[in-house]
Protein chains: 2
Amino acid sequence: MQEVEQESPELDERCINTIRFLSLDMVQRAKSGHAGTPMGAADMAYVLWDRFLKHNPRDPGWVDRDRFILSQGHACAMLYSLLFLTGYDLSLDELRNFRQWGSKTPGHPEYGLTPGVSVTTGPLGQGFAHGVGMAIAEKWLGDHYNRDDYKIFDHFTYATCSDGDMQEGVTSEAASLAGTLHLGKLIYLYDDNGAQIDTSTDVTFGENVAERFRAYGWQVLGPISGVELDAMSSAIKDAQRETERPSLIICRTMIGRYAPKEGIHVMHSDPIPDEEVKAAKQNANWPADKTFYVPDDVLSHMRRAVERGRKEEARWDETFQKYSSDYPELAERLKVQLRGDLPANWDAGLDELFTSAKDPMATREASGKILNTIAERVHALFGGSADVGSSTKSVLTGYGDFGWHEYAGHNIHFGVREHAMGCIAGGLALHGGVIPYTATYFNFSDYMRPPMRLAAMQKIRVIYIFSHDSIGLGQDGPTHQPVEQLMGLREIPNMTVLRPADPSETVEAWRLAMRNSNGPTVLVLTRQKIPVIDREKENCSSAEGARRGGYVLWSSKEGDPSLILIATGSEVHLALEAGKRLAEERPDETIRVVSIPSWEVFDKQSKEYKESVLPHNVRARVSVEAGATIGWEHYVGLDGGKVGLDRFGASGPSEVVYQKLGFTPEHVMQVANETMQRIRNQEGGG
Amino acid sequence: MQEVEQESPELDERCINTIRFLSLDMVQRAKSGHAGTPMGAADMAYVLWDRFLKHNPRDPGWVDRDRFILSQGHACAMLYSLLFLTGYDLSLDELRNFRQWGSKTPGHPEYGLTPGVSVTTGPLGQGFAHGVGMAIAEKWLGDHYNRDDYKIFDHFTYATCSDGDMQEGVTSEAASLAGTLHLGKLIYLYDDNGAQIDTSTDVTFGENVAERFRAYGWQVLGPISGVELDAMSSAIKDAQRETERPSLIICRTMIGRYAPKEGIHVMHSDPIPDEEVKAAKQNANWPADKTFYVPDDVLSHMRRAVERGRKEEARWDETFQKYSSDYPELAERLKVQLRGDLPANWDAGLDELFTSAKDPMATREASGKILNTIAERVHALFGGSADVGSSTKSVLTGYGDFGWHEYAGHNIHFGVREHAMGCIAGGLALHGGVIPYTATYFNFSDYMRPPMRLAAMQKIRVIYIFSHDSIGLGQDGPTHQPVEQLMGLREIPNMTVLRPADPSETVEAWRLAMRNSNGPTVLVLTRQKIPVIDREKENCSSAEGARRGGYVLWSSKEGDPSLILIATGSEVHLALEAGKRLAEERPDETIRVVSIPSWEVFDKQSKEYKESVLPHNVRARVSVEAGATIGWEHYVGLDGGKVGLDRFGASGPSEVVYQKLGFTPEHVMQVANETMQRIRNQEGGG
């Protein structure tokens with residue numbers, strides 16, 4: 001707990017006005033953006049940053065810094081002002097370049113682009129929930145690595161959040177879980193300004209936020225005035241002292257403070273007329289004729305953050321040095337974790353897992369065994385499911401439950417809260433020291449798309465396990481049967497989607513997932529048992545081919561193929577059977593079966609390799625996948641055939657549904673024959 | 001308010017056990033499903049259905065029936081038992097066929113498949129939120145159509161919901177809005193059994209649900225015992241009497257009641273051993289050797305619902321008859337609304353809206369004018385936005401706000417609650433009498449995918465307005481710039497996605513949307529101004545072509561094209577300019593520009609029409625769309641070119657971002673030239 005001696009109220013006020021009017025000037029200059037919130041919340045942000053926040057502007061990645069999240073990302077002008085003033089690598093010129101192409105000051109805060117931004121925010125509610133992930137990481141790492149005299153992990157997670165954040169369901173999910181988990185080091189400041197874009201809040205937001213958060217098990221402080229610095233200070237101190245409950249500090253603020261239209265929802269966004277800018281500055285006793293004005297004493301006061309941060313981190317470094325000599329093994333393992341590296345031999349045992357597997361096995365089952373094997377060596381693996389651990393096979397057996405009685409447990413029970421689960425996983429990854437995974441049914445990836453998109457945008461390592469991946473799940477019916485999800489996720493930039501065909505490919509899929517430190521990975525797994533491809537007996541190539549995303553699994557003989565069947569996951573064995581039967585019918589022709597567990601990985605291979613798998617001139621191609629077909633033309637073109645599903649599924653036993661909807665060797669053969677015929681006709685006629 | 005005289009407690013108990021064990025027998029026979037909740041919640045459901053529910057089993061579509069929603073859709077065996085027992089068109093044989101292909105008793109309740117199912121449920125939280133939509137419809141229609149002596153709309157909306165429902169964020173969103181709107185006729189029974197799939201609730205759900213709902217402005221009754229029928233009855237009566245607040249009745253129940261493992265979370269799903277079935281029946285004094293046992297007196301007691309329902313509806317019919325003669329115009333309009341028809345001349349004025357439009361205009365702007373023109377004639381139009389009404393141009397000017405002071409207002413302020421907004425729109429559509437629309441930024445369609453999927457599955461009419469449809473929105477940056485959303489939504493079965501190119505196409509898009517009564521429609525609109533295509537001057541064909549999904553917008557001359565540029569929305573004018581410049585460079589060749597605002601509509605056209613737009617043999621095709629390119633091979637094949645976006649966007653002024661990311665005539669021309677060259681090489685070499 002760190003508190004710096006107070007300066008004079010006058011200087012405080014000048015600092016706040018500097019933040020306020022830098023933000024306004026940025027928006028005015030960009031002719032775009034949101035100054036209303038910065039103008040109202042500048043006091044709150046100043047108190048937190050000036051009196052409490054533990055951070056080192058010269059090392060934004062320091063692992064034990066307090067985390068700060070601007071959940072209302074649209075107010076980023078305020079954050080950029082703070083980053084500049086406290087000495088991050090962000091110049092006043094960058095503030096002048098607000099919202100311009102190539103600047104470090106984009107329209108919403110972007111992790112990885114601007115030093116000091118701990119998470120990309122903007123879509124409301126996401127920041128709130130990502131913070132819960134960061135607080136979980138702090139607890140978990142602390143429980144594993146802290147020792148009596150060594151508090152290696154000992155930081156707060158702060159956020160500011162808005163009315164809009166409070167309305168989003170994901171906030172509710174995350175807050176409920178944070179309360180249940182007693183995340184006492186979570187301290188959120190609610191910028192209660194009563195104004196949203198369209199209306200004031202009473203039209204659409206009549207609830208009692210304080211009571212709601214108390215019901216979640218939070219300590220609620222306030223409402224207090226968002227301009228009374230000492231009141232806010234003492235609330236933050238109360239929040240720090242409360243170790244068992246997360247704290248929500250409700251600060252009543254006025255949107256667009258000092259502007260002629262202060263307090264009115266129209267102040268939410270967009271520049272205001274020049275005369276109103278002038279009036280606002282005059283009302284605040286600020287030089288009305290200056291823009292981007294930073295008084296020297298303000299700058300030097302706020303830049304003390306640099307020296308403070310340097311000292312804080314040096315103290316931590318010293319502690320860590322001593323810790324390393326007292327607990328060398330722990331320290332060593334921790335360093336690996338913090339770098340995001342995998343330990344040596346991390347994948348030992350994987351190749352042997354299924355060598356004697358013969359009986360049909362669901363890929364979720366295989367995944368569960370793999371996950372547990374990896375966990376033996378990779379301590380950083382930490383995750384859980386949205387109340388379907390048993391059926392997604394995502395439980396780390398023997399590693400305990402993460403909960404307030406045992407923060408060291410590796411299994412997080414997210415509850416039926418998929419959206420928050422996605423955000424929390426993002427927060428874990430952003431915190432560092434953790435390789436997070438989540439698990440639920442594939443259909444409910446729909447609930448998680450917003451944080452999955454953010455993870456892809458931030459290129460962070462999160463592994464999403466999804467089982468029950470198609471109509472093959474059977475009796476639960478169409479509400480639970482994914483159709484469009486597979487292609488839908490392939491559309492997300494930077495996302496790697498993997499749908500393995502059997503246990504061996506599942507091993508390779510996990511290898512790719514664990515090694516992918518430059519973005520999130522989706523694992524798409526069956527609920528139903530599917531045949532284990534006996535690669536020797538069936539004359540198939542090794543599953544190692546999956547490392548290249550796609551590969552020739554089987555070919556009826558040498559030479560250019562007359563037909564290529566291309567499949568993923570549970571449809572690979574179907575394509576294989578169809579291919580073999582076609583080859584029997586057409587002994588003169590070369591029939592090829594390609595397994596393509598990951599489009600993204602395959603598409604990144606060399607042109608030569610891709611040509612070797614899918615020769616450009618071979619147009620008799622048929623895709624087989626139990627999902628939507630739009631997009632499969634990516635591989636089969638305008639002339640190919642597609643066995644897929646362009647309707648919703650149906651409830652019935654797995655094998656019946658599968659068969660009724662056309663996933664049989666006979667149907668694949670029929671489409672293949674039609675495709676070959678069609679192409680021959682075209683070539684004959686062309 | 002309807003209450004039927006009580007029968008003997010013994011008969012009640014037998015009725016409840018019939019529901020309980022029919023449900024268990026169904027799951028045992030199907031070897032799949034969830035009997036735990038039906039066994040625990042049968043008492044609660046019985047009280048509601050036997051003593052309160054106003055419904056007519058012989059006319060499940062009666063508009064003034066009470067709505068019943070099983071939000072925990074996995075407990076559908078209970079609902080099917082109730083439907084059978086109360087006399088819906090669902091036989092005991094159908095119960096025996098639970099979860100089988102072709103049965104009317106699928107694994108989760110499906111609207112349209114099973115008589116008496118008012119909404120498809122299963123994905124948790126959705127049912128809860130759809131119910132809020134139904135209650136809003138009742139209020140709104142009531143405020144418009146009820147007259148002093150005529151309560152045309154006067155029903156309750158009931159739901160049962162589970163712990164899982166309570167954890168989902170969408171429930172929080174919907175509950176907060178329902179409280180704000182004072183939806184007093186919403187009565188929800190919370191099946192508080194303390195058990196979820198993986199764990200008991202204390203591990204993951206420590207919150208105080210009662211206090212949380214009080215904070216939302218709900219009346220909370222209980223907790224009461226979920227086996228005490230009279231206590232539940234009197235709570236339901238209290239709920240009915242409370243007209244200003246929605247009510248949550250908390251019933252403490254025991255999952256899998258009477259089974260040896262009652263109360264334990266393992267009872268959640270899947271069949272149990274035969275001896276446990278026997279034991280359960282014995283514990284309940286139920287014949288242990290019988291399955292699907294329905295005592296005669298139970299059936300005749302519960303079938304009284306048929307006669308009661310007949311009388312209730314007859315009474316309503318009589319009222320409506322009188323109403324029709326007292327208020328013939330209102331009644332006539334209402335009948336049209338209830339049939340889901342559009343009034344005669346509903347689209348009058350649309351064609352004239354933009355005849356003199358010359359200056360660039362955003363399609364969101366055009367959409368706003370169209371929406372307001374349609375509203376003049378289509379009273380059923382009712383919707384709103386997630387706090388971005390002004391910027392999505394979705395406000396119905398002069399039609400008032402829907403709120404508890406004025407339930408007749410046409411504009412719903414959903415707040416920043418996209419997920420609930422989607423569900424509520426679904427509930428409005430399912431209620432009937434309303435053509436609902438929603439509005440937000442296109443990027444936040446990600447928050448709404450679960451209810452959009454359900455709407456598509458149920459084939460209900462909902463219009464989703466999405467503005468800010470691409471990187472063209474500019475400075476808000478990548479967190480707000482859609483990339484993958486367009487293709488992602490095209491993948492959903494039964495969904496119609498429309499992305500018009502200018503005001504005239506926007507008119508046609510709205511026509512298609514309004515006429516599409518067999519599924520939901522997505523309207524994808526620009527934030528930025530784009531040129532109005534002057535079809536006469538530019539020698540372009542009429543926007544009426546958009547009615548067929550896609551059409552030849554422009555051709556440099558007659559004859560088979562050498563190149564086809566295919567574009568949607570804001571990229572059509574770009575393709576047009578590129579096409580014209582290419583034609584200048586290549587006067588001997590025919591360059592064609594195709595606008596394809598809707599893939600779904602186009603793909604449904606005749607083979608001949610499609611061939612006339614995209615001749616099969618012409619392979620020099622280039623797509624132009626500011627979104628992900630995977631999927632565009634659907635039209636351009638393996639050999640075509642694609643101008644699109646396979647990365648996230650960036651913050652900057654619209655025109656800069658657009659240009660930097662390749663959306664210029666020059667870049668389109670370059671890709672087109674490369675494509676033509678490549679294809680010529682292939683044809684030359686082939």
# chains A, B, ... in the order shown; residues from 1 in each chain; ligands from 1
>>> select_by_dssp(residues="stretch 645-684 of chain B", states="helix (DSSP H, G or I)", output="PyMOL selection string")
chain B and resi 654-660+665-684
>>> residues_around(residues="A:Gly640", least_positions_apart="2", cutoff="9 Å", atoms="only C-alpha atoms", output="PyMOL selection string")
chain A and resi 619-623+633+635-638+642+672+675-676+678-679
>>> write_last_selection(atoms="C-alpha atoms", output="compact mmCIF listing (two decimals), in the first residue's frame")
# COMPACT_ATOMS: atom_id res chain seq x y z
CA ARG A 619 -10.45 -29.57 -59.51
CA ALA A 620 -12.37 -32.68 -58.58
CA ARG A 621 -12.40 -31.84 -54.90
CA VAL A 622 -15.00 -32.59 -52.30
CA SER A 623 -15.14 -31.18 -48.80
CA GLU A 633 -14.99 -23.05 -51.79
CA TYR A 635 -10.42 -25.27 -51.08
CA VAL A 636 -12.90 -26.82 -53.47
CA GLY A 637 -13.59 -23.80 -55.67
CA LEU A 638 -16.63 -23.22 -57.84
CA LYS A 642 -19.44 -30.08 -50.63
CA ALA A 672 -17.68 -37.31 -55.31
CA THR A 675 -18.27 -33.86 -58.93
CA MET A 676 -15.91 -35.94 -61.04
CA ARG A 678 -19.32 -32.58 -63.72
CA ILE A 679 -15.69 -31.65 -64.06
>>> residues_around(residues="B:Asn518", least_positions_apart="2", cutoff="12 Å", atoms="only C-alpha atoms", output="list in words")
Gly112, Gly340, Asp341, Ala429, Ala455, Ala456, Met457, Gln458, Lys459, Ile460, Arg461, Val462, Ile463, Pro493, Asn494, Met495, Thr496, Leu512, Ala513, Met514, Arg515, Asn516, Pro520 and Thr521 of chain B
>>> write_last_selection(atoms="N, CA, C and O atoms", output="tab-separated table (two decimals), in the first residue's frame")
chain	number	residue	atom	x	y	z
B	112	GLY	N	-42.39	-24.16	-32.70
B	112	GLY	CA	-42.79	-24.54	-34.06
B	112	GLY	C	-42.85	-26.03	-34.26
B	112	GLY	O	-43.48	-26.51	-35.19
B	340	GLY	N	-49.47	-10.90	-38.74
B	340	GLY	CA	-48.10	-10.64	-39.21
B	340	GLY	C	-48.08	-10.11	-40.62
B	340	GLY	O	-47.05	-10.08	-41.28
B	341	ASP	N	-49.23	-9.66	-41.09
B	341	ASP	CA	-49.30	-9.11	-42.44
B	341	ASP	C	-48.83	-7.66	-42.45
B	341	ASP	O	-48.80	-7.00	-41.42
B	429	ALA	N	-41.24	-10.86	-31.16
B	429	ALA	CA	-41.69	-11.54	-32.38
B	429	ALA	C	-42.53	-12.77	-32.02
B	429	ALA	O	-43.56	-13.03	-32.64
B	455	ALA	N	-33.31	-16.95	-33.20
B	455	ALA	CA	-34.32	-16.38	-34.10
B	455	ALA	C	-34.28	-17.10	-35.45
B	455	ALA	O	-35.32	-17.41	-36.03
B	456	ALA	N	-33.08	-17.37	-35.93
B	456	ALA	CA	-32.95	-18.08	-37.20
B	456	ALA	C	-33.52	-19.49	-37.08
B	456	ALA	O	-34.21	-19.98	-37.97
B	457	MET	N	-33.23	-20.14	-35.96
B	457	MET	CA	-33.72	-21.50	-35.77
B	457	MET	C	-35.24	-21.53	-35.71
B	457	MET	O	-35.88	-22.43	-36.23
B	458	GLN	N	-35.80	-20.50	-35.08
B	458	GLN	CA	-37.26	-20.43	-34.93
B	458	GLN	C	-37.95	-19.80	-36.14
B	458	GLN	O	-39.17	-19.74	-36.20
B	459	LYS	N	-37.14	-19.31	-37.08
B	459	LYS	CA	-37.67	-18.64	-38.27
B	459	LYS	C	-38.65	-17.52	-37.92
B	459	LYS	O	-39.75	-17.44	-38.48
B	460	ILE	N	-38.27	-16.69	-36.99
B	460	ILE	CA	-39.14	-15.59	-36.61
B	460	ILE	C	-38.66	-14.29	-37.25
B	460	ILE	O	-37.49	-14.14	-37.59
B	461	ARG	N	-39.60	-13.36	-37.37
B	461	ARG	CA	-39.29	-12.09	-38.03
B	461	ARG	C	-38.71	-11.10	-37.04
B	461	ARG	O	-39.45	-10.52	-36.24
B	462	VAL	N	-37.42	-10.89	-37.12
B	462	VAL	CA	-36.77	-9.84	-36.36
B	462	VAL	C	-35.86	-9.11	-37.35
B	462	VAL	O	-35.23	-9.75	-38.19
B	463	ILE	N	-35.83	-7.81	-37.26
B	463	ILE	CA	-34.96	-7.03	-38.13
B	463	ILE	C	-33.84	-6.44	-37.28
B	463	ILE	O	-34.09	-5.69	-36.34
B	493	PRO	N	-27.72	-20.54	-40.76
B	493	PRO	CA	-28.86	-20.97	-41.57
B	493	PRO	C	-30.09	-20.10	-41.30
B	493	PRO	O	-30.29	-19.63	-40.17
B	494	ASN	N	-30.88	-19.89	-42.32
B	494	ASN	CA	-32.14	-19.13	-42.25
B	494	ASN	C	-31.97	-17.63	-41.99
B	494	ASN	O	-32.95	-16.93	-41.79
B	495	MET	N	-30.75	-17.17	-41.93
B	495	MET	CA	-30.52	-15.74	-41.69
B	495	MET	C	-30.35	-15.05	-43.04
B	495	MET	O	-29.65	-15.56	-43.90
B	496	THR	N	-31.01	-13.91	-43.21
B	496	THR	CA	-30.81	-13.12	-44.42
B	496	THR	C	-29.99	-11.89	-44.08
B	496	THR	O	-30.37	-11.11	-43.21
B	512	LEU	N	-37.13	-6.06	-48.56
B	512	LEU	CA	-36.87	-7.49	-48.34
B	512	LEU	C	-37.03	-7.84	-46.86
B	512	LEU	O	-37.61	-8.86	-46.50
B	513	ALA	N	-36.50	-6.98	-46.01
B	513	ALA	CA	-36.55	-7.25	-44.57
B	513	ALA	C	-38.00	-7.30	-44.08
B	513	ALA	O	-38.39	-8.21	-43.35
B	514	MET	N	-38.78	-6.33	-44.49
B	514	MET	CA	-40.17	-6.27	-44.01
B	514	MET	C	-40.99	-7.45	-44.54
B	514	MET	O	-41.89	-7.94	-43.86
B	515	ARG	N	-40.67	-7.88	-45.72
B	515	ARG	CA	-41.45	-8.97	-46.32
B	515	ARG	C	-40.97	-10.35	-45.87
B	515	ARG	O	-41.64	-11.34	-46.12
B	516	ASN	N	-39.83	-10.38	-45.24
B	516	ASN	CA	-39.29	-11.68	-44.82
B	516	ASN	C	-39.93	-12.10	-43.51
B	516	ASN	O	-39.43	-11.78	-42.42
B	520	PRO	N	-35.18	-14.17	-39.56
B	520	PRO	CA	-34.64	-12.84	-39.24
B	520	PRO	C	-33.82	-12.26	-40.38
B	520	PRO	O	-33.34	-12.97	-41.25
B	521	THR	N	-33.70	-10.93	-40.35
B	521	THR	CA	-32.96	-10.22	-41.38
B	521	THR	C	-31.96	-9.28	-40.73
B	521	THR	O	-32.29	-8.60	-39.76
>>> residues_around(residues="A:Ser81", least_positions_apart="5", cutoff="7 Å", atoms="only C-alpha atoms", output="list in words")
Ile19, Leu22 and Ser23 of chain A
>>> decode(residues="stretch 427-497 of chain A", atoms="C-alpha atoms", output="tab-separated table (two decimals), in the first residue's frame")
chain	number	residue	atom	x	y	z
A	427	GLY	CA	-7.00	-11.20	-18.27
A	428	LEU	CA	-4.96	-14.19	-17.12
A	429	ALA	CA	-2.96	-14.16	-20.33
A	430	LEU	CA	-2.40	-10.41	-20.16
A	431	HIS	CA	-1.26	-10.62	-16.56
A	432	GLY	CA	1.49	-13.01	-17.51
A	433	GLY	CA	2.85	-16.11	-15.81
A	434	VAL	CA	-0.13	-18.17	-16.87
A	435	ILE	CA	-1.17	-20.19	-19.92
A	436	PRO	CA	-4.93	-20.03	-19.60
A	437	TYR	CA	-7.51	-22.32	-21.09
A	438	THR	CA	-11.28	-22.34	-21.08
A	439	ALA	CA	-13.80	-25.05	-21.86
A	440	THR	CA	-17.42	-25.29	-22.86
A	441	TYR	CA	-19.59	-26.72	-25.62
A	442	PHE	CA	-18.70	-25.46	-29.06
A	443	ASN	CA	-22.13	-23.99	-29.58
A	444	PHE	CA	-21.56	-21.62	-26.71
A	445	SER	CA	-18.54	-20.14	-28.37
A	446	ASP	CA	-21.24	-17.73	-29.54
A	447	TYR	CA	-21.43	-16.35	-26.01
A	448	MET	CA	-17.67	-15.85	-26.00
A	449	ARG	CA	-17.03	-14.18	-29.30
A	450	PRO	CA	-16.39	-10.69	-27.93
A	451	PRO	CA	-13.42	-11.69	-25.74
A	452	MET	CA	-12.18	-14.17	-28.34
A	453	ARG	CA	-12.04	-11.33	-30.80
A	454	LEU	CA	-10.14	-9.17	-28.32
A	455	ALA	CA	-7.69	-11.99	-27.66
A	456	ALA	CA	-7.07	-12.31	-31.38
A	457	MET	CA	-6.62	-8.57	-31.71
A	458	GLN	CA	-4.15	-8.53	-28.82
A	459	LYS	CA	-2.41	-11.68	-30.08
A	460	ILE	CA	-2.42	-13.22	-26.64
A	461	ARG	CA	-2.11	-16.89	-25.81
A	462	VAL	CA	-5.42	-18.34	-24.74
A	463	ILE	CA	-6.51	-21.90	-25.48
A	464	TYR	CA	-10.23	-22.37	-25.95
A	465	ILE	CA	-11.35	-25.97	-25.61
A	466	PHE	CA	-14.71	-26.66	-27.22
A	467	SER	CA	-16.27	-30.09	-27.19
A	468	HIS	CA	-19.64	-31.24	-28.58
A	469	ASP	CA	-18.55	-29.87	-31.91
A	470	SER	CA	-21.31	-30.83	-34.35
A	471	ILE	CA	-24.63	-32.55	-34.90
A	472	GLY	CA	-22.65	-35.61	-33.83
A	473	LEU	CA	-23.47	-34.68	-30.24
A	474	GLY	CA	-26.89	-36.08	-30.99
A	475	GLN	CA	-29.83	-35.93	-28.66
A	476	ASP	CA	-29.41	-32.49	-27.14
A	477	GLY	CA	-30.65	-31.23	-30.49
A	478	PRO	CA	-30.22	-28.12	-32.60
A	479	THR	CA	-29.95	-25.63	-29.74
A	480	HIS	CA	-26.72	-27.37	-28.81
A	481	GLN	CA	-25.49	-28.48	-32.22
A	482	PRO	CA	-22.97	-26.13	-33.80
A	483	VAL	CA	-23.33	-25.51	-37.52
A	484	GLU	CA	-21.95	-22.08	-38.35
A	485	GLN	CA	-19.47	-21.75	-35.49
A	486	LEU	CA	-16.53	-23.46	-37.15
A	487	MET	CA	-16.46	-21.27	-40.22
A	488	GLY	CA	-17.42	-18.28	-38.14
A	489	LEU	CA	-14.30	-18.59	-36.00
A	490	ARG	CA	-12.05	-19.19	-39.00
A	491	GLU	CA	-13.04	-15.72	-40.14
A	492	ILE	CA	-11.43	-14.03	-37.13
A	493	PRO	CA	-7.98	-12.65	-37.95
A	494	ASN	CA	-5.10	-14.08	-35.87
A	495	MET	CA	-7.26	-16.92	-34.59
A	496	THR	CA	-6.04	-20.49	-35.05
A	497	VAL	CA	-8.82	-23.05	-35.25
